[in-house]
$ cat structure.cif   # mmCIF, C-alpha atoms
data_coords
#
loop_
_atom_site.group_PDB
_atom_site.id
_atom_site.type_symbol
_atom_site.label_atom_id
_atom_site.label_comp_id
_atom_site.auth_asym_id
_atom_site.auth_seq_id
_atom_site.Cartn_x
_atom_site.Cartn_y
_atom_site.Cartn_z
ATOM 1 C CA ALA A 251 16.303 10.121 -16.054
ATOM 2 C CA GLU A 252 19.689 8.484 -16.861
ATOM 3 C CA VAL A 253 18.048 5.630 -18.773
ATOM 4 C CA ASN A 254 14.847 7.452 -19.802
ATOM 5 C CA GLY A 255 12.891 4.999 -17.643
ATOM 6 C CA GLN A 256 9.272 5.084 -16.653
ATOM 7 C CA VAL A 257 7.677 3.726 -13.473
ATOM 8 C CA GLU A 258 3.918 3.174 -13.529
ATOM 9 C CA VAL A 259 2.329 2.617 -10.130
ATOM 10 C CA ALA A 260 -1.311 1.585 -9.795
ATOM 11 C CA ASP A 261 -3.307 1.966 -6.588
ATOM 12 C CA LEU A 262 -1.741 -0.257 -3.950
ATOM 13 C CA PRO A 263 -3.385 -1.570 -0.784
ATOM 14 C CA VAL A 264 -2.625 -0.246 2.659
ATOM 15 C CA ILE A 265 -1.025 -3.021 4.683
ATOM 16 C CA GLU A 266 0.346 -3.287 8.189
ATOM 17 C CA ALA A 267 4.112 -3.415 7.720
ATOM 18 C CA ASP A 268 7.410 -1.753 8.568
ATOM 19 C CA PRO A 269 7.427 1.267 6.224
ATOM 20 C CA THR A 270 11.216 1.506 6.068
ATOM 21 C CA GLN A 271 11.590 -2.130 5.052
ATOM 22 C CA ILE A 272 8.766 -2.004 2.492
ATOM 23 C CA ARG A 273 10.337 1.148 1.019
ATOM 24 C CA GLN A 274 13.669 -0.727 0.727
ATOM 25 C CA LEU A 275 11.898 -3.679 -0.907
ATOM 26 C CA MET A 276 10.273 -1.480 -3.530
ATOM 27 C CA GLN A 277 13.431 0.579 -4.136
ATOM 28 C CA ASN A 278 15.437 -2.603 -4.739
ATOM 29 C CA LEU A 279 12.907 -4.102 -7.154
ATOM 30 C CA ILE A 280 12.254 -0.876 -9.077
ATOM 31 C CA GLY A 281 15.985 -0.095 -9.105
ATOM 32 C CA ASN A 282 16.710 -3.530 -10.603
ATOM 33 C CA GLY A 283 14.082 -2.924 -13.271
ATOM 34 C CA LEU A 284 15.825 0.315 -14.219
ATOM 35 C CA LYS A 285 19.328 -1.147 -14.000
ATOM 36 C CA PHE A 286 18.741 -4.359 -15.976
ATOM 37 C CA HIS A 287 17.133 -2.682 -18.982
ATOM 38 C CA ARG A 288 17.576 -3.656 -22.610
ATOM 39 C CA ASP A 289 19.822 -1.504 -24.768
ATOM 40 C CA ASP A 290 17.201 -1.173 -27.513
ATOM 41 C CA MET A 291 14.373 0.314 -25.407
ATOM 42 C CA PRO A 292 13.851 2.455 -22.325
ATOM 43 C CA PRO A 293 12.848 0.592 -19.174
ATOM 44 C CA VAL A 294 9.212 0.501 -18.099
ATOM 45 C CA ILE A 295 8.452 -0.794 -14.614
ATOM 46 C CA LYS A 296 4.855 -1.508 -13.619
ATOM 47 C CA VAL A 297 3.798 -1.873 -9.999
ATOM 48 C CA TYR A 298 0.289 -3.134 -9.298
ATOM 49 C CA SER A 299 -1.595 -5.351 -6.867
ATOM 50 C CA ASP A 300 -4.201 -8.042 -6.516
ATOM 51 C CA PHE A 301 -5.706 -9.937 -3.597
ATOM 52 C CA ALA A 302 -4.421 -13.356 -2.612
ATOM 53 C CA ALA A 303 -5.424 -15.939 -0.012
ATOM 54 C CA GLY A 304 -3.495 -17.796 2.657
ATOM 55 C CA LYS A 305 -3.324 -19.026 6.236
ATOM 56 C CA ASN A 306 -1.112 -18.355 9.238
ATOM 57 C CA GLY A 307 1.552 -16.478 7.322
ATOM 58 C CA HIS A 308 1.803 -18.997 4.469
ATOM 59 C CA PRO A 309 0.178 -17.668 1.287
ATOM 60 C CA GLY A 310 -1.816 -20.231 -0.632
ATOM 61 C CA SER A 311 -2.378 -22.551 2.330
ATOM 62 C CA PRO A 312 -5.788 -24.243 2.582
ATOM 63 C CA GLY A 313 -8.183 -23.005 5.261
ATOM 64 C CA GLN A 314 -7.451 -19.314 4.870
ATOM 65 C CA THR A 315 -7.546 -17.338 8.107
ATOM 66 C CA ARG A 316 -5.720 -14.174 7.011
ATOM 67 C CA ALA A 317 -6.183 -11.746 4.160
ATOM 68 C CA PHE A 318 -3.227 -11.388 1.804
ATOM 69 C CA CYS A 319 -2.453 -9.098 -1.087
ATOM 70 C CA LYS A 320 -0.190 -9.682 -4.036
ATOM 71 C CA ILE A 321 2.048 -6.850 -5.184
ATOM 72 C CA VAL A 322 3.657 -7.260 -8.589
ATOM 73 C CA VAL A 323 6.728 -5.424 -9.867
ATOM 74 C CA GLU A 324 7.142 -6.123 -13.579
ATOM 75 C CA ASP A 325 9.667 -4.795 -16.069
ATOM 76 C CA ASN A 326 10.497 -5.017 -19.766
ATOM 77 C CA GLY A 327 14.215 -5.536 -19.190
ATOM 78 C CA ILE A 328 16.740 -8.238 -19.985
ATOM 79 C CA GLY A 329 14.916 -10.887 -17.940
ATOM 80 C CA PHE A 330 16.525 -14.149 -16.849
ATOM 81 C CA ASP A 331 16.234 -17.867 -17.462
ATOM 82 C CA LYS A 332 13.675 -19.542 -15.194
ATOM 83 C CA LYS A 333 16.331 -21.978 -13.974
ATOM 84 C CA TYR A 334 17.856 -19.047 -12.038
ATOM 85 C CA ALA A 335 14.575 -17.996 -10.365
ATOM 86 C CA GLU A 336 15.719 -19.188 -6.925
ATOM 87 C CA ARG A 337 19.438 -18.534 -7.297
ATOM 88 C CA ILE A 338 18.967 -14.793 -7.785
ATOM 89 C CA PHE A 339 17.745 -14.478 -4.191
ATOM 90 C CA GLY A 340 21.080 -15.750 -2.823
ATOM 91 C CA VAL A 341 23.562 -13.361 -1.241
ATOM 92 C CA PHE A 342 26.229 -12.224 -3.732
ATOM 93 C CA GLN A 343 24.581 -14.186 -6.544
ATOM 94 C CA ARG A 344 24.925 -12.377 -9.853
ATOM 95 C CA LEU A 345 23.825 -13.545 -13.276
ATOM 96 C CA HIS A 346 25.761 -10.767 -15.024
ATOM 97 C CA GLY A 347 29.279 -9.402 -14.613
ATOM 98 C CA ARG A 348 30.093 -6.266 -12.631
ATOM 99 C CA GLU A 349 31.585 -4.678 -15.744
ATOM 100 C CA LYS A 350 28.112 -4.251 -17.285
ATOM 101 C CA TYR A 351 25.840 -3.937 -14.218
ATOM 102 C CA GLU A 352 26.878 -2.331 -10.941
ATOM 103 C CA GLY A 353 25.747 -3.645 -7.597
ATOM 104 C CA SER A 354 26.720 -5.808 -4.658
ATOM 105 C CA GLY A 355 24.561 -8.851 -5.392
ATOM 106 C CA ILE A 356 22.604 -8.601 -2.139
ATOM 107 C CA GLY A 357 19.536 -6.602 -3.214
ATOM 108 C CA LEU A 358 17.231 -9.526 -3.934
ATOM 109 C CA ALA A 359 18.447 -11.418 -0.853
ATOM 110 C CA VAL A 360 17.418 -8.378 1.201
ATOM 111 C CA CYS A 361 14.044 -8.331 -0.589
ATOM 112 C CA ARG A 362 13.393 -11.963 0.331
ATOM 113 C CA LYS A 363 14.342 -11.344 3.988
ATOM 114 C CA ILE A 364 12.003 -8.350 4.210
ATOM 115 C CA VAL A 365 9.100 -10.272 2.680
ATOM 116 C CA GLU A 366 9.670 -13.328 4.897
ATOM 117 C CA ARG A 367 9.965 -11.139 7.997
ATOM 118 C CA HIS A 368 6.473 -9.863 7.197
ATOM 119 C CA GLY A 369 5.040 -13.393 6.816
ATOM 120 C CA GLY A 370 4.972 -13.354 3.033
ATOM 121 C CA GLU A 371 6.592 -14.861 -0.029
ATOM 122 C CA ILE A 372 8.359 -13.489 -3.103
ATOM 123 C CA VAL A 373 8.563 -15.305 -6.432
ATOM 124 C CA ALA A 374 10.652 -14.329 -9.458
ATOM 125 C CA ILE A 375 9.444 -15.028 -12.993
ATOM 126 C CA GLY A 376 11.599 -14.149 -15.959
ATOM 127 C CA THR A 377 12.043 -14.655 -19.664
ATOM 128 C CA PRO A 378 15.397 -13.834 -21.271
ATOM 129 C CA GLY A 379 15.116 -10.689 -23.384
ATOM 130 C CA GLN A 380 11.514 -10.046 -22.320
ATOM 131 C CA GLY A 381 11.650 -8.886 -18.730
ATOM 132 C CA ALA A 382 11.155 -9.991 -15.166
ATOM 133 C CA LYS A 383 8.224 -10.097 -12.790
ATOM 134 C CA PHE A 384 8.381 -10.295 -9.014
ATOM 135 C CA GLU A 385 5.220 -11.371 -7.218
ATOM 136 C CA ILE A 386 5.194 -10.453 -3.540
ATOM 137 C CA THR A 387 2.444 -11.938 -1.386
ATOM 138 C CA LEU A 388 2.047 -10.199 1.972
ATOM 139 C CA PRO A 389 -0.537 -10.386 4.761
ATOM 140 C CA MET A 390 -2.751 -7.323 5.001
ATOM 141 C CA ASN A 391 -2.190 -7.350 8.780
ATOM 142 C CA GLN A 392 0.557 -8.789 10.919
ATOM 143 C CA LYS A 393 -0.101 -11.348 13.695
ATOM 144 C CA GLY A 394 -3.057 -10.645 15.896
ATOM 145 C CA ASP A 395 -5.357 -9.497 13.097
#

$ encode --input "structure.cif" --output "C-alpha cells"
Amino acid sequence: AEVNGQVEVADLPVIEADPTQIRQLMQNLIGNGLKFHRDDMPPVIKVYSDFAAGKNGHPGSPGQTRAFCKIVVEDNGIGFDKKYAERIFGVFQRLHGREKYEGSGIGLAVCRKIVERHGGEIVAIGTPGQGAKFEITLPMNQKGD
C-alpha cells in the first residue's frame, strides 16, 4: 500500500519443502521487488512457474532422475547491472546506499542458502532501469523421491 505496488501470483506447483523457509524466500524476493521500485511507476511483481529438469539435486544436469520446477519472481523496478548478478547474493553486499533503501544486505544471501538447502539453484537477471528477475529451480521432492 505504501508504494501502490501490485503482486501478481500465478498458480504455483506444490513441492516438498520447508514451508517456513520457502515463505521467507518469497517474502525476501517480493519485498525486494517492492523496495527497489522506480520513482516514476508503481512496482509490479510477478510470480509464476515452469517445469525444469535436473539430476541428483543439480538442475540442468544430464541424465535427469528428479523432477524440478522453476519459480520466477520478476519485477519492473530499478534492476541492476548483470556484472553484479553474483555479488548481490553475498552477505552485506549492497548496490545502493542505506540512505535511499533500507535493509541489512543479507536478504538475498538468505534466499540463496534456503534454495541450496533444498537442492536447488537461484539465478539473478537484471537490467538497469528495467527490473530484475530471480529464477529459482527447486526439486519437486526432496531426497528419496

$ closest_residue --input "structure.cif" --among "A:Gln274, A:Asn282, A:Gln256, A:Thr387" --to "Ala302 (chain A)" --atoms "all atoms listed in the file"
A:Thr387

$ residues_around --input "structure.cif" --residues "Gly283 (chain A)" --least-positions-apart "5" --cutoff "9 Å" --atoms "only C-alpha atoms" --output "PyMOL selection string"
chain A and resi 278+293-295+323-328+381-382

$ atom_distance --input "structure.cif" --atom1 "CA of Ile338 (chain A)" --atom2 "CA of Asp268 (chain A)"
23.9 Å

$ residues_around --input "structure.cif" --residues "Phe330 (chain A)" --least-positions-apart "5" --cutoff "8 Å" --atoms "all atoms listed in the file" --output "ChimeraX atom specification"
/A:335,376-379,381-382

$ closest_residue --input "structure.cif" --among "A:Ala374, A:Ala267, A:Ala317, A:Met390" --to "Leu358 (chain A)" --atoms "all atoms listed in the file"
A:Ala374

$ residues_around --input "structure.cif" --residues "Asn254 (chain A)" --least-positions-apart "3" --cutoff "12 Å" --atoms "only C-alpha atoms" --output "JSON, numbers by chain"
{"A": [251, 257, 284, 285, 287, 288, 289, 290, 291, 292, 293, 294, 295]}

$ write_last_selection --input "structure.cif" --atoms "C-alpha atoms" --output "PDB file, in the coordinates of the input"
ATOM      1  CA  ALA A 251      16.303  10.121 -16.054  1.00  0.00           C
ATOM      2  CA  VAL A 257       7.677   3.726 -13.473  1.00  0.00           C
ATOM      3  CA  LEU A 284      15.825   0.315 -14.219  1.00  0.00           C
ATOM      4  CA  LYS A 285      19.328  -1.147 -14.000  1.00  0.00           C
ATOM      5  CA  HIS A 287      17.133  -2.682 -18.982  1.00  0.00           C
ATOM      6  CA  ARG A 288      17.576  -3.656 -22.610  1.00  0.00           C
ATOM      7  CA  ASP A 289      19.822  -1.504 -24.768  1.00  0.00           C
ATOM      8  CA  ASP A 290      17.201  -1.173 -27.513  1.00  0.00           C
ATOM      9  CA  MET A 291      14.373   0.314 -25.407  1.00  0.00           C
ATOM     10  CA  PRO A 292      13.851   2.455 -22.325  1.00  0.00           C
ATOM     11  CA  PRO A 293      12.848   0.592 -19.174  1.00  0.00           C
ATOM     12  CA  VAL A 294       9.212   0.501 -18.099  1.00  0.00           C
ATOM     13  CA  ILE A 295       8.452  -0.794 -14.614  1.00  0.00           C
TER      14      ILE A 295
END
